[in-house]
Amino acid sequence: MRTEEMKKRNYIVLMLRRTIAGFFNSLPTQYVNVYILEMGFSEQELGLLRSIARLIASLPSSLLCFWADVSDRRKSYLIGLGIEILSALIFFLGVGRLAMVIALLLSLTSFFGLRYVENILIADSISSRKRAFGFGILDSLMIFASLFSPIVAAYIVNLFGGISVEGIRPLFLIQFAGLLFASIIASVFVRDIRMFAHFSLRKTFYDSLTILRLNPWLRRWIVLEVLGGYVFSLSMPYEMIYAIKVKGADEFVLGYMGFALNVGSIIALPIIGWLADRIGRVKTIVILRPLFYLSVCLFLLSSSPIHLITAWFIRGIWFASRAPFQTLALELVPYDYRGRWNGIKTLIAFTLGSPGSLIGGYLYMLISPETPFIVALLVDLLLRLPLIYMTPETLDRKAYLEEFRRTSW
């Protein structure tokens with residue numbers, strides 16, 4: 001089979017896998033942290049569990065990305081798929097701290113390690129001038145398939161007794177079955193389209209550090225990723241807990257919040273992907289950033305379910321900027337360094353950012369439930385946004401790579 005035909009087939013199969021997995025992964029997404037709390041953990045213990053899991057997950061997540069460069073992207077991808085499936089199964093079967101740490105560890109490893117490897121495979125299958133648009137279309141289909149999954153999840157939780165351990169547990173069993181089906185399709189058809197030689201893992205790791213040491217904006221991007229770990233670890237584990245405990249939301253309000261998030265993303269993703277391929281990745285990300293801050297403010301100030309749902313609709317529009325963000329992150333390095341670049345930044349960002357959830361739990365319990373969200377907003381606005389703005393534009397691939405090599409070497 002010719003390379004171009006393999007690229008097309010890979011893209012279609014990866015799109016199908018991500019679309020199916022998107023629906024089933026979306027079922028328990030809003031309930032994972034609530035599920036852990038319902039098992040008897042406090043917000044502080046939840047933060048500790050997530051911080052431990054994030055710290056431990058840094059190594060396997062990085063190794064998946066390194067392996068994608070050192071050996072075979074397909075093998076690395078298949079390992080990631082297996083980890084994702086096992087995570088859902090342990091969430092369903094597990095009880096107690098150890099089980100939750102293992103389930104969170106596997107979930108984080110699959111979310112970051114598997115996602116990065118899948119993004120690399122997708123990027124390998126799309127030309128640079130259409131890459132952000134290609135990611136946008138793919139993510140749009142995934143979110144479209146997941147559009148009603150939060151509402152479906154709400155009815156399932158309600159059917160099994162409401163927001164409780166027994167009410168939420170069936171979601172993980174359904175997730176496990178769906179991921180297993182999607183992974184079988186990917187394992188049969190996805191191939192590594194590169195012509196490559198095997199490399200030493202030690203040499204690959206050293207090369208990653210060398211690039212990081214010599215290129216200034218890659219170092220800034222690592223700082224950006226570390227800060228991102230704090231922004232989202234501080235706040236996201238406590239969003240649905242806050243909505244339930246402080247704003248009085250039930251499973252149906254949570255369901256319609258998730259639905260609104262998906263609708264906002266579906267509307268925005270193709271437009272944002274097209275815009276990023278026209279005016280640039282960096283400009284597009286910066287233009288959309290205020291929507292994140294607006295959604296946080298509306299979420300905290302909300303006085304009715306309508307306000308919560310509206311906040312998540314705005315969040316969904318902003319969330320669509322992940323397509324140019326992930327495109328930019330991949331394009332910061334040459335083609336052959338994508339795996340090791342993702343590996344080194346995941347290792348550093350995960351390790352240094354692991355205390356974020358624990359800090360968020362203490363802020364939530366000891367100061368006020370609103371504090372983690374306010375701190376996360378300020379860190380993103382005052383520190384991450386300037387770093388994004390300082391990142392070179394990668395849209396003109398030839399010009400960017402010339403500048404990259406001149407600066408790095």
# chains A, B, ... in the order shown; residues from 1 in each chain; ligands from 1
>>> residues_around(residues="Ala186 of chain A", least_positions_apart="2", cutoff="10 Å", atoms="only C-alpha atoms", output="PyMOL selection string")
chain A and resi 10+13-18+74+77-78+81+181-184+188-191
>>> select_by_dssp(residues="segment 107-304 of chain A", states="helix (DSSP H, G or I)", output="MDAnalysis selection string")
chainID A and resid 107:124 128:145 149:159 165:189 201:214 216:245 251:276 281:301
>>> residues_around(residues="Glu370 of chain A", least_positions_apart="4", cutoff="7 Å", atoms="only C-alpha atoms", output="list in words")
Leu300, Tyr364 and Ile374 of chain A
>>> write_last_selection(atoms="C-alpha atoms", output="PDB file, in the first residue's frame")
ATOM      1  CA  LEU A 300     -18.676  30.971  40.523  1.00  0.00           C
ATOM      2  CA  TYR A 364     -11.083  24.161  48.795  1.00  0.00           C
ATOM      3  CA  ILE A 374      -9.783  31.948  41.417  1.00  0.00           C
TER       4      ILE A 374
END
>>> atom_distance(atom1="atom CA of Glu5 of chain A", atom2="atom CA of Leu121 of chain A")
14.4 Å
>>> closest_atom_pairs(of="segment 57-140 of chain A", to="segment 257-265 of chain A", cutoff="12 Å", atoms="only C-alpha atoms", output="Markdown table")
| residue | atom | partner | partner_atom | distance |
| --- | --- | --- | --- | --- |
| A:Gly136 | CA | A:Ser265 | CA | 9.7 |
| A:Ile137 | CA | A:Ser265 | CA | 11.0 |
| A:Leu138 | CA | A:Ser265 | CA | 11.9 |
| A:Asp139 | CA | A:Ser265 | CA | 8.7 |
| A:Ser140 | CA | A:Ser265 | CA | 7.1 |
>>> write_last_selection(atoms="N, CA and C atoms", output="short mmCIF file (atom, residue, chain, number, x, y, z; two decimals), in the first residue's frame")
data_model
loop_
_atom_site.label_atom_id
_atom_site.label_comp_id
_atom_site.auth_asym_id
_atom_site.auth_seq_id
_atom_site.Cartn_x
_atom_site.Cartn_y
_atom_site.Cartn_z
N GLY A 136 -9.31 19.72 14.09
CA GLY A 136 -10.61 20.30 14.42
C GLY A 136 -11.76 19.43 13.97
N ILE A 137 -11.69 18.92 12.74
CA ILE A 137 -12.73 18.03 12.23
C ILE A 137 -12.81 16.77 13.07
N LEU A 138 -11.67 16.20 13.36
CA LEU A 138 -11.63 14.97 14.15
C LEU A 138 -12.25 15.18 15.53
N ASP A 139 -11.85 16.26 16.19
CA ASP A 139 -12.40 16.54 17.51
C ASP A 139 -13.88 16.88 17.45
N SER A 140 -14.30 17.53 16.36
CA SER A 140 -15.73 17.84 16.19
C SER A 140 -16.56 16.57 16.12
#
>>> closest_residue(among="A:Leu377, A:Met365, A:Ile287, A:Leu141", to="Ile266 of chain A", atoms="only C-alpha atoms")
A:Leu141
>>> closest_atom_pairs(of="segment 218-303 of chain A", to="segment 46-55 of chain A", cutoff="12 Å", atoms="only C-alpha atoms", output="tab-separated table")
residue	atom	partner	partner_atom	distance
A:Gly229	CA	A:Arg54	CA	9.6
A:Tyr230	CA	A:Ser51	CA	10.5
A:Phe232	CA	A:Arg50	CA	11.9
A:Ser233	CA	A:Arg50	CA	8.4
A:Leu234	CA	A:Gly47	CA	8.6
A:Ser235	CA	A:Gly47	CA	10.3
A:Met236	CA	A:Gly47	CA	10.8
A:Pro237	CA	A:Gly47	CA	7.9
A:Tyr238	CA	A:Gly47	CA	9.1
A:Ile241	CA	A:Leu46	CA	11.0
>>> residues_around(residues="Phe176 of chain A", least_positions_apart="6", cutoff="7 Å", atoms="only C-alpha atoms", output="compact mmCIF listing (two decimals) with N, CA and C atoms, in the first residue's frame")
# COMPACT_ATOMS: atom_id res chain seq x y z
N ILE A 85 -8.27 0.87 28.63
CA ILE A 85 -9.31 -0.13 28.90
C ILE A 85 -9.23 -0.62 30.35
N ALA A 88 -10.73 1.80 33.05
CA ALA A 88 -12.19 1.75 33.20
C ALA A 88 -12.61 0.53 34.01
N LEU A 89 -11.96 -0.61 33.78
CA LEU A 89 -12.31 -1.84 34.48
C LEU A 89 -12.02 -1.72 35.97
>>> residues_around(residues="Val223 of chain A", least_positions_apart="5", cutoff="10 Å", atoms="only C-alpha atoms", output="mmCIF file with C-alpha atoms, in the first residue's frame")
data_model
loop_
_atom_site.group_PDB
_atom_site.id
_atom_site.type_symbol
_atom_site.label_atom_id
_atom_site.label_comp_id
_atom_site.auth_asym_id
_atom_site.auth_seq_id
_atom_site.Cartn_x
_atom_site.Cartn_y
_atom_site.Cartn_z
ATOM 1 C CA TRP A 217 11.034 28.688 23.423
ATOM 2 C CA LEU A 218 10.903 24.948 24.112
ATOM 3 C CA GLY A 228 -0.996 24.199 33.137
ATOM 4 C CA GLY A 229 -0.737 21.245 35.483
ATOM 5 C CA LYS A 345 7.607 17.603 28.442
ATOM 6 C CA ILE A 348 8.794 17.251 33.512
ATOM 7 C CA ALA A 349 5.278 18.743 33.549
ATOM 8 C CA LEU A 352 6.648 19.255 38.766
ATOM 9 C CA GLY A 353 2.889 19.796 38.437
ATOM 10 C CA LEU A 383 1.637 33.588 33.690
ATOM 11 C CA ARG A 384 0.447 31.134 31.019
ATOM 12 C CA LEU A 387 4.037 32.486 27.589
#
>>> atom_distance(atom1="atom CA of Leu105 of chain A", atom2="atom CA of Tyr35 of chain A")
15.8 Å
